[in-house]
Amino acid sequence: MFHVEDFSSHFGKNAAGIRAVNDVSLTIEAGETLGLVGESGSGKSTLGRMLLRLIEPDSGKVIFDGHDVLRASGSDLRRLRRDMQIIFQDPFGSLDPRMTVEQIVYEPIAIHGSEDGRSRREQASEVMRAVGLDASALRRYPHEFSGGQRQRIGIARALVLRPRFIVADEPVSALDVSVGAQIVNLLKQLQREFQLTYLFISHSMPIVRYLADRIAVMQRGELVEVGTTQQITTAPQHPYTRTLLAATPEMQE
Ligand SMILES: Nc1ncnc2c1ncn2[C@@H]1O[C@H](COP(=O)(O)OP(=O)(O)OP(=O)(O)O)[C@@H](O)[C@H]1O
Ligand SMILES: [Mg+2]
């Protein structure tokens with residue numbers, strides 16, 4: 001689905017000439033969950049945002065289903081943008097407090113103008129049901145909801161355009177463990193229901209192991225290792241991957 005070659009960000013160059021994302025090459029298969037791990041500042045969010053062209057890369061090539069993402073413009077780019085969405089870490093900061101839930105969830109359709117003939121209420125209600133919220137929530141405001149419910153609203157918003165690819169950037173790290181586990185299971189269920197492909201960015205090895213088919217490991221802007229979840233968690237090749245696993249007591253069994 002995604003094929004990325006020699007991807008680099010234009011910022012973050014340090015004394016050693018390493019950018020926030022430096023010459024990353026990567027493939028993401030349709031239908032899979034690729035987990036992306038690495039310490040804070042290693043470039044995970046920058047990589048995720050560059051894939052969606054929320055940050056323009058400095059160089060490299062991105063092919064999404066045969067389309068050259070970095071050269072796309074006009075209607076081509078608009079279609080690609082509908083196909084790719086992001087779920088953010090912070091369910092408190094990422095929803096506009098002055099908008100009703102209905103306005104929030106429907107906004108991507110309003111922006112992209114892809115009405116399908118049904119009413120706004122109908123389209124918004126459908127994704128609310130998919131994320132396990134009652135349609136009556138549409139008339140309320142974000143502050144009336146708990147963190148877990150707000151994250152569901154963020155997911156409904158990401159789903160409303162029926163994307164095929166979603167970057168989930170630490171979607172549960174701001175939540176309590178049990179609430180986070182429910183969101184992780186929801187993402188898993190939605191993946192089957194909507195045939196989604198995920199890039200799942202996380203600090204938590206146990207969550208990534210549970211959710212991901214393959215795991216990519218980033219260190220200081222570079223991809224140091226990619227492998228199946230089984231390979232990475234049981235036979236890591238790179239010293240940095242071993243360090244990450246050693247820092248997670250639950251992973252030593
Ligand atoms: N807009 C920007 N301009 C300049 N430098 C940036 C910008 N955004 C991020 N950086 C730098 O790029 C590097 C990678 O940041 P990034 O947020 O991608 O890391 P991360 O792996 O997502 O970290 P975390 O786990 O803390 O979310 C950091 O050194 C950061 O300071
Ligand atoms: Mg980040």
# chains A, B, ... in the order shown; residues from 1 in each chain; ligands from 1

call {"tool": "closest_atom_pairs", "arguments": {"of": "chain A", "to": "ligand 1", "cutoff": "12 Å", "atoms": "only C-alpha atoms and all ligand atoms", "output": "tab-separated table"}}
result
residue	atom	partner	partner_atom_place_in_ligand_line	distance
A:Ser8	CA	ligand 1	12 (O)	11.1
A:Ser9	CA	ligand 1	12 (O)	8.4
A:His10	CA	ligand 1	4 (C)	8.2
A:Phe11	CA	ligand 1	4 (C)	4.8
A:Gly12	CA	ligand 1	5 (N)	4.4
A:Lys13	CA	ligand 1	5 (N)	8.0
A:Asn14	CA	ligand 1	29 (O)	8.4
A:Ala15	CA	ligand 1	29 (O)	11.9
A:Ile18	CA	ligand 1	29 (O)	9.6
A:Arg19	CA	ligand 1	12 (O)	7.2
A:Ala20	CA	ligand 1	12 (O)	4.1
A:Val21	CA	ligand 1	14 (C)	7.1
A:Asn22	CA	ligand 1	14 (C)	10.3
A:Leu36	CA	ligand 1	21 (O)	9.0
A:Val37	CA	ligand 1	21 (O)	7.8
A:Gly38	CA	ligand 1	21 (O)	6.2
A:Glu39	CA	ligand 1	25 (O)	5.7
A:Ser40	CA	ligand 1	25 (O)	3.4
A:Gly41	CA	ligand 1	19 (O)	3.4
A:Ser42	CA	ligand 1	21 (O)	3.9
A:Gly43	CA	ligand 1	18 (O)	3.2
A:Lys44	CA	ligand 1	21 (O)	3.8
A:Ser45	CA	ligand 1	22 (O)	3.7
A:Thr46	CA	ligand 1	18 (O)	3.7
A:Leu47	CA	ligand 1	18 (O)	6.4
A:Gly48	CA	ligand 1	18 (O)	8.1
A:Arg49	CA	ligand 1	18 (O)	8.5
A:Met50	CA	ligand 1	18 (O)	9.7
A:Leu54	CA	ligand 1	1 (N)	10.8
A:Ile55	CA	ligand 1	1 (N)	8.2
A:Glu56	CA	ligand 1	1 (N)	10.5
A:Pro57	CA	ligand 1	1 (N)	11.4
A:Phe88	CA	ligand 1	27 (O)	10.7
A:Gln89	CA	ligand 1	27 (O)	9.0
A:Asp90	CA	ligand 1	27 (O)	11.3
A:Ala168	CA	ligand 1	22 (O)	11.5
A:Asp169	CA	ligand 1	27 (O)	8.0
A:Glu170	CA	ligand 1	27 (O)	7.7
A:Pro171	CA	ligand 1	27 (O)	11.1
A:Ser173	CA	ligand 1	27 (O)	10.3
A:Ala174	CA	ligand 1	27 (O)	11.9
A:Phe200	CA	ligand 1	22 (O)	11.6
A:Ile201	CA	ligand 1	22 (O)	8.0
A:Ser202	CA	ligand 1	25 (O)	7.5
A:His203	CA	ligand 1	25 (O)	6.7
A:Ser204	CA	ligand 1	25 (O)	10.5
A:Val217	CA	ligand 1	21 (O)	10.2
A:Met218	CA	ligand 1	21 (O)	7.7
A:Gln219	CA	ligand 1	21 (O)	8.3
A:Arg220	CA	ligand 1	14 (C)	7.7
A:Gly221	CA	ligand 1	14 (C)	6.9
A:Glu222	CA	ligand 1	14 (C)	10.5
A:Leu223	CA	ligand 1	21 (O)	11.3

call {"tool": "select_by_dssp", "arguments": {"residues": "region 28-253 of chain A", "states": "alpha helix (DSSP H)", "output": "compact mmCIF listing (two decimals) with N, CA and C atoms, in the first residue's frame"}}
result
# COMPACT_ATOMS: atom_id res chain seq x y z
N LYS A 44 9.26 9.60 15.30
CA LYS A 44 8.07 8.80 14.96
C LYS A 44 6.93 9.67 14.44
N SER A 45 6.61 10.73 15.21
CA SER A 45 5.49 11.59 14.79
C SER A 45 5.82 12.30 13.49
N THR A 46 7.06 12.74 13.37
CA THR A 46 7.46 13.43 12.14
C THR A 46 7.28 12.49 10.94
N LEU A 47 7.70 11.25 11.08
CA LEU A 47 7.55 10.28 9.99
C LEU A 47 6.07 10.08 9.66
N GLY A 48 5.24 9.88 10.68
CA GLY A 48 3.80 9.67 10.46
C GLY A 48 3.18 10.86 9.75
N ARG A 49 3.53 12.07 10.17
CA ARG A 49 2.95 13.26 9.55
C ARG A 49 3.45 13.48 8.14
N MET A 50 4.70 13.12 7.90
CA MET A 50 5.22 13.28 6.53
C MET A 50 4.52 12.32 5.56
N LEU A 51 4.17 11.12 6.05
CA LEU A 51 3.45 10.18 5.18
C LEU A 51 2.14 10.78 4.70
N GLY A 74 -4.05 19.04 -6.70
CA GLY A 74 -5.44 19.17 -7.14
C GLY A 74 -6.31 18.02 -6.66
N SER A 75 -7.11 17.48 -7.56
CA SER A 75 -8.10 16.47 -7.17
C SER A 75 -7.42 15.16 -6.74
N ASP A 76 -6.25 14.89 -7.31
CA ASP A 76 -5.48 13.71 -6.92
C ASP A 76 -5.09 13.78 -5.44
N LEU A 77 -4.59 14.93 -5.04
CA LEU A 77 -4.16 15.12 -3.66
C LEU A 77 -5.37 15.09 -2.72
N ARG A 78 -6.48 15.69 -3.15
CA ARG A 78 -7.68 15.68 -2.30
C ARG A 78 -8.17 14.25 -2.07
N ARG A 79 -8.10 13.43 -3.11
CA ARG A 79 -8.54 12.04 -2.95
C ARG A 79 -7.60 11.30 -2.01
N LEU A 80 -6.29 11.53 -2.18
CA LEU A 80 -5.31 10.89 -1.29
C LEU A 80 -5.54 11.32 0.15
N ARG A 81 -5.85 12.59 0.35
CA ARG A 81 -6.07 13.08 1.72
C ARG A 81 -7.29 12.43 2.36
N ARG A 82 -8.30 12.13 1.57
CA ARG A 82 -9.47 11.43 2.11
C ARG A 82 -9.12 10.01 2.53
N ASP A 83 -8.19 9.42 1.82
CA ASP A 83 -7.81 8.03 2.09
C ASP A 83 -6.93 7.87 3.32
N VAL A 101 -20.14 17.96 18.98
CA VAL A 101 -19.55 16.70 18.51
C VAL A 101 -19.95 16.46 17.05
N GLU A 102 -21.16 16.82 16.71
CA GLU A 102 -21.59 16.62 15.32
C GLU A 102 -20.73 17.45 14.36
N GLN A 103 -20.48 18.70 14.72
CA GLN A 103 -19.64 19.54 13.86
C GLN A 103 -18.22 18.96 13.75
N ILE A 104 -17.72 18.47 14.89
CA ILE A 104 -16.36 17.91 14.90
C ILE A 104 -16.27 16.68 14.00
N VAL A 105 -17.24 15.78 14.18
CA VAL A 105 -17.19 14.51 13.45
C VAL A 105 -17.44 14.74 11.95
N TYR A 106 -18.28 15.71 11.66
CA TYR A 106 -18.65 15.94 10.26
C TYR A 106 -17.63 16.83 9.53
N GLU A 107 -16.80 17.53 10.27
CA GLU A 107 -15.92 18.53 9.66
C GLU A 107 -15.09 18.02 8.47
N PRO A 108 -14.49 16.82 8.56
CA PRO A 108 -13.72 16.36 7.38
C PRO A 108 -14.57 16.30 6.11
N ILE A 109 -15.84 15.93 6.24
CA ILE A 109 -16.71 15.90 5.05
C ILE A 109 -16.96 17.32 4.57
N ALA A 110 -17.19 18.25 5.54
CA ALA A 110 -17.42 19.64 5.17
C ALA A 110 -16.20 20.20 4.42
N ILE A 111 -15.00 19.84 4.90
CA ILE A 111 -13.77 20.35 4.27
C ILE A 111 -13.57 19.72 2.90
N HIS A 112 -13.76 18.41 2.83
CA HIS A 112 -13.44 17.71 1.58
C HIS A 112 -14.61 17.68 0.61
N ARG A 120 -26.20 15.14 7.18
CA ARG A 120 -25.05 15.24 8.07
C ARG A 120 -25.27 14.39 9.32
N ARG A 121 -26.47 14.49 9.89
CA ARG A 121 -26.79 13.74 11.10
C ARG A 121 -26.65 12.23 10.87
N GLU A 122 -27.11 11.79 9.73
CA GLU A 122 -27.07 10.36 9.40
C GLU A 122 -25.63 9.85 9.28
N GLN A 123 -24.80 10.61 8.55
CA GLN A 123 -23.41 10.18 8.35
C GLN A 123 -22.63 10.20 9.66
N ALA A 124 -22.88 11.25 10.46
CA ALA A 124 -22.18 11.34 11.74
C ALA A 124 -22.66 10.24 12.69
N SER A 125 -23.97 9.96 12.68
CA SER A 125 -24.51 8.92 13.57
C SER A 125 -23.90 7.56 13.27
N GLU A 126 -23.71 7.31 12.00
CA GLU A 126 -23.18 6.00 11.60
C GLU A 126 -21.78 5.75 12.18
N VAL A 127 -20.90 6.75 12.09
CA VAL A 127 -19.55 6.53 12.65
C VAL A 127 -19.58 6.56 14.17
N MET A 128 -20.53 7.29 14.76
CA MET A 128 -20.64 7.27 16.22
C MET A 128 -20.97 5.85 16.69
N ARG A 129 -21.91 5.23 16.00
CA ARG A 129 -22.26 3.84 16.36
C ARG A 129 -21.04 2.93 16.22
N ALA A 130 -20.28 3.15 15.15
CA ALA A 130 -19.11 2.29 14.90
C ALA A 130 -18.09 2.38 16.04
N GLY A 147 -12.04 11.18 28.90
CA GLY A 147 -10.92 11.02 27.97
C GLY A 147 -11.14 9.91 26.96
N GLY A 148 -11.62 8.76 27.45
CA GLY A 148 -11.84 7.63 26.55
C GLY A 148 -12.93 7.92 25.53
N GLN A 149 -13.99 8.59 25.99
CA GLN A 149 -15.08 8.94 25.06
C GLN A 149 -14.60 9.97 24.04
N ARG A 150 -13.78 10.92 24.50
CA ARG A 150 -13.25 11.91 23.56
C ARG A 150 -12.36 11.24 22.51
N GLN A 151 -11.61 10.23 22.95
CA GLN A 151 -10.77 9.55 21.96
C GLN A 151 -11.66 8.83 20.95
N ARG A 152 -12.78 8.30 21.40
CA ARG A 152 -13.73 7.67 20.45
C ARG A 152 -14.26 8.70 19.46
N ILE A 153 -14.51 9.92 19.95
CA ILE A 153 -14.99 10.98 19.06
C ILE A 153 -13.90 11.30 18.02
N GLY A 154 -12.65 11.35 18.46
CA GLY A 154 -11.53 11.59 17.54
C GLY A 154 -11.44 10.49 16.48
N ILE A 155 -11.71 9.26 16.91
CA ILE A 155 -11.67 8.14 15.97
C ILE A 155 -12.84 8.21 14.99
N ALA A 156 -14.01 8.61 15.50
CA ALA A 156 -15.19 8.77 14.61
C ALA A 156 -14.88 9.80 13.53
N ARG A 157 -14.26 10.88 13.95
CA ARG A 157 -13.89 11.94 13.00
C ARG A 157 -12.90 11.42 11.95
N ALA A 158 -11.95 10.59 12.41
CA ALA A 158 -10.97 10.04 11.46
C ALA A 158 -11.62 9.07 10.48
N LEU A 159 -12.73 8.45 10.91
CA LEU A 159 -13.37 7.41 10.09
C LEU A 159 -14.38 7.94 9.09
N VAL A 177 -4.92 2.81 31.91
CA VAL A 177 -4.64 1.53 31.27
C VAL A 177 -5.90 0.82 30.80
N SER A 178 -6.94 0.76 31.66
CA SER A 178 -8.13 -0.02 31.27
C SER A 178 -8.90 0.68 30.14
N VAL A 179 -8.96 2.01 30.19
CA VAL A 179 -9.63 2.76 29.13
C VAL A 179 -8.83 2.61 27.83
N GLY A 180 -7.51 2.69 27.96
CA GLY A 180 -6.63 2.51 26.80
C GLY A 180 -6.83 1.15 26.15
N ALA A 181 -6.99 0.12 26.98
CA ALA A 181 -7.18 -1.23 26.46
C ALA A 181 -8.47 -1.32 25.65
N GLN A 182 -9.52 -0.61 26.11
CA GLN A 182 -10.78 -0.61 25.35
C GLN A 182 -10.59 0.06 23.99
N ILE A 183 -9.81 1.15 23.98
CA ILE A 183 -9.58 1.86 22.72
C ILE A 183 -8.75 0.99 21.77
N VAL A 184 -7.76 0.31 22.31
CA VAL A 184 -6.94 -0.59 21.49
C VAL A 184 -7.81 -1.67 20.85
N ASN A 185 -8.72 -2.23 21.65
CA ASN A 185 -9.62 -3.26 21.11
C ASN A 185 -10.59 -2.69 20.09
N LEU A 186 -11.03 -1.46 20.32
CA LEU A 186 -11.90 -0.80 19.34
C LEU A 186 -11.15 -0.64 18.01
N LEU A 187 -9.89 -0.20 18.09
CA LEU A 187 -9.12 -0.01 16.85
C LEU A 187 -8.98 -1.33 16.09
N LYS A 188 -8.80 -2.40 16.86
CA LYS A 188 -8.67 -3.72 16.25
C LYS A 188 -9.97 -4.13 15.54
N GLN A 189 -11.07 -3.88 16.20
CA GLN A 189 -12.39 -4.21 15.64
C GLN A 189 -12.68 -3.36 14.40
N LEU A 190 -12.34 -2.07 14.47
CA LEU A 190 -12.59 -1.17 13.33
C LEU A 190 -11.72 -1.56 12.14
N GLN A 191 -10.55 -2.08 12.42
CA GLN A 191 -9.66 -2.49 11.33
C GLN A 191 -10.32 -3.57 10.48
N ARG A 192 -10.97 -4.52 11.15
CA ARG A 192 -11.68 -5.58 10.42
C ARG A 192 -12.89 -5.02 9.70
N GLU A 193 -13.66 -4.22 10.42
CA GLU A 193 -14.92 -3.70 9.90
C GLU A 193 -14.71 -2.78 8.69
N PHE A 194 -13.69 -1.95 8.75
CA PHE A 194 -13.49 -0.95 7.69
C PHE A 194 -12.26 -1.24 6.82
N MET A 205 5.69 -1.23 24.40
CA MET A 205 5.98 -2.49 23.71
C MET A 205 4.86 -3.52 23.89
N PRO A 206 4.29 -3.68 25.09
CA PRO A 206 3.22 -4.66 25.23
C PRO A 206 2.02 -4.35 24.32
N ILE A 207 1.65 -3.07 24.19
CA ILE A 207 0.51 -2.71 23.33
C ILE A 207 0.87 -2.97 21.86
N VAL A 208 2.08 -2.58 21.48
CA VAL A 208 2.50 -2.78 20.09
C VAL A 208 2.55 -4.28 19.77
N ARG A 209 3.04 -5.04 20.71
CA ARG A 209 3.10 -6.49 20.46
C ARG A 209 1.70 -7.07 20.26
N TYR A 210 0.76 -6.57 21.04
CA TYR A 210 -0.62 -7.05 20.96
C TYR A 210 -1.27 -6.69 19.62
N LEU A 211 -0.96 -5.48 19.12
CA LEU A 211 -1.71 -4.94 18.00
C LEU A 211 -1.01 -5.12 16.65
N THR A 229 6.34 -8.99 14.31
CA THR A 229 6.25 -8.79 15.76
C THR A 229 6.98 -9.92 16.49
N GLN A 230 6.80 -11.12 15.97
CA GLN A 230 7.48 -12.28 16.54
C GLN A 230 9.01 -12.12 16.50
N GLN A 231 9.53 -11.74 15.32
CA GLN A 231 10.98 -11.55 15.18
C GLN A 231 11.51 -10.48 16.13
N ILE A 232 10.83 -9.34 16.13
CA ILE A 232 11.34 -8.21 16.91
C ILE A 232 11.29 -8.50 18.41
N THR A 233 10.21 -9.17 18.86
CA THR A 233 10.08 -9.37 20.31
C THR A 233 10.84 -10.61 20.81
N THR A 234 11.12 -11.55 19.93
CA THR A 234 11.82 -12.74 20.43
C THR A 234 13.27 -12.83 19.96
N PRO A 239 21.09 -3.72 18.53
CA PRO A 239 21.31 -3.47 19.96
C PRO A 239 20.27 -2.51 20.56
N TYR A 240 19.84 -1.52 19.77
CA TYR A 240 18.88 -0.55 20.29
C TYR A 240 17.52 -1.21 20.54
N THR A 241 17.13 -2.13 19.66
CA THR A 241 15.87 -2.85 19.87
C THR A 241 15.96 -3.67 21.16
N ARG A 242 17.13 -4.28 21.38
CA ARG A 242 17.32 -5.06 22.61
C ARG A 242 17.21 -4.17 23.83
N THR A 243 17.77 -2.96 23.73
CA THR A 243 17.68 -2.01 24.85
C THR A 243 16.22 -1.66 25.13
N LEU A 244 15.46 -1.40 24.07
CA LEU A 244 14.04 -1.06 24.24
C LEU A 244 13.29 -2.19 24.93
N LEU A 245 13.54 -3.41 24.50
CA LEU A 245 12.85 -4.56 25.08
C LEU A 245 13.28 -4.77 26.53
N ALA A 246 14.56 -4.53 26.80
CA ALA A 246 15.05 -4.72 28.17
C ALA A 246 14.43 -3.71 29.12

call {"tool": "select_by_dssp", "arguments": {"residues": "region 58-104 of chain A", "states": "strand (DSSP E or B)", "output": "NGL selection string"}}
result
:A and (59-64 or 67-68 or 84-87)

call {"tool": "atom_distance", "arguments": {"atom1": "CA of Leu70 (chain A)", "atom2": "CA of Phe2 (chain A)"}}
result
12.5 Å

call {"tool": "atom_distance", "arguments": {"atom1": "CA of Asp6 (chain A)", "atom2": "CA of Ile63 (chain A)"}}
result
12.0 Å
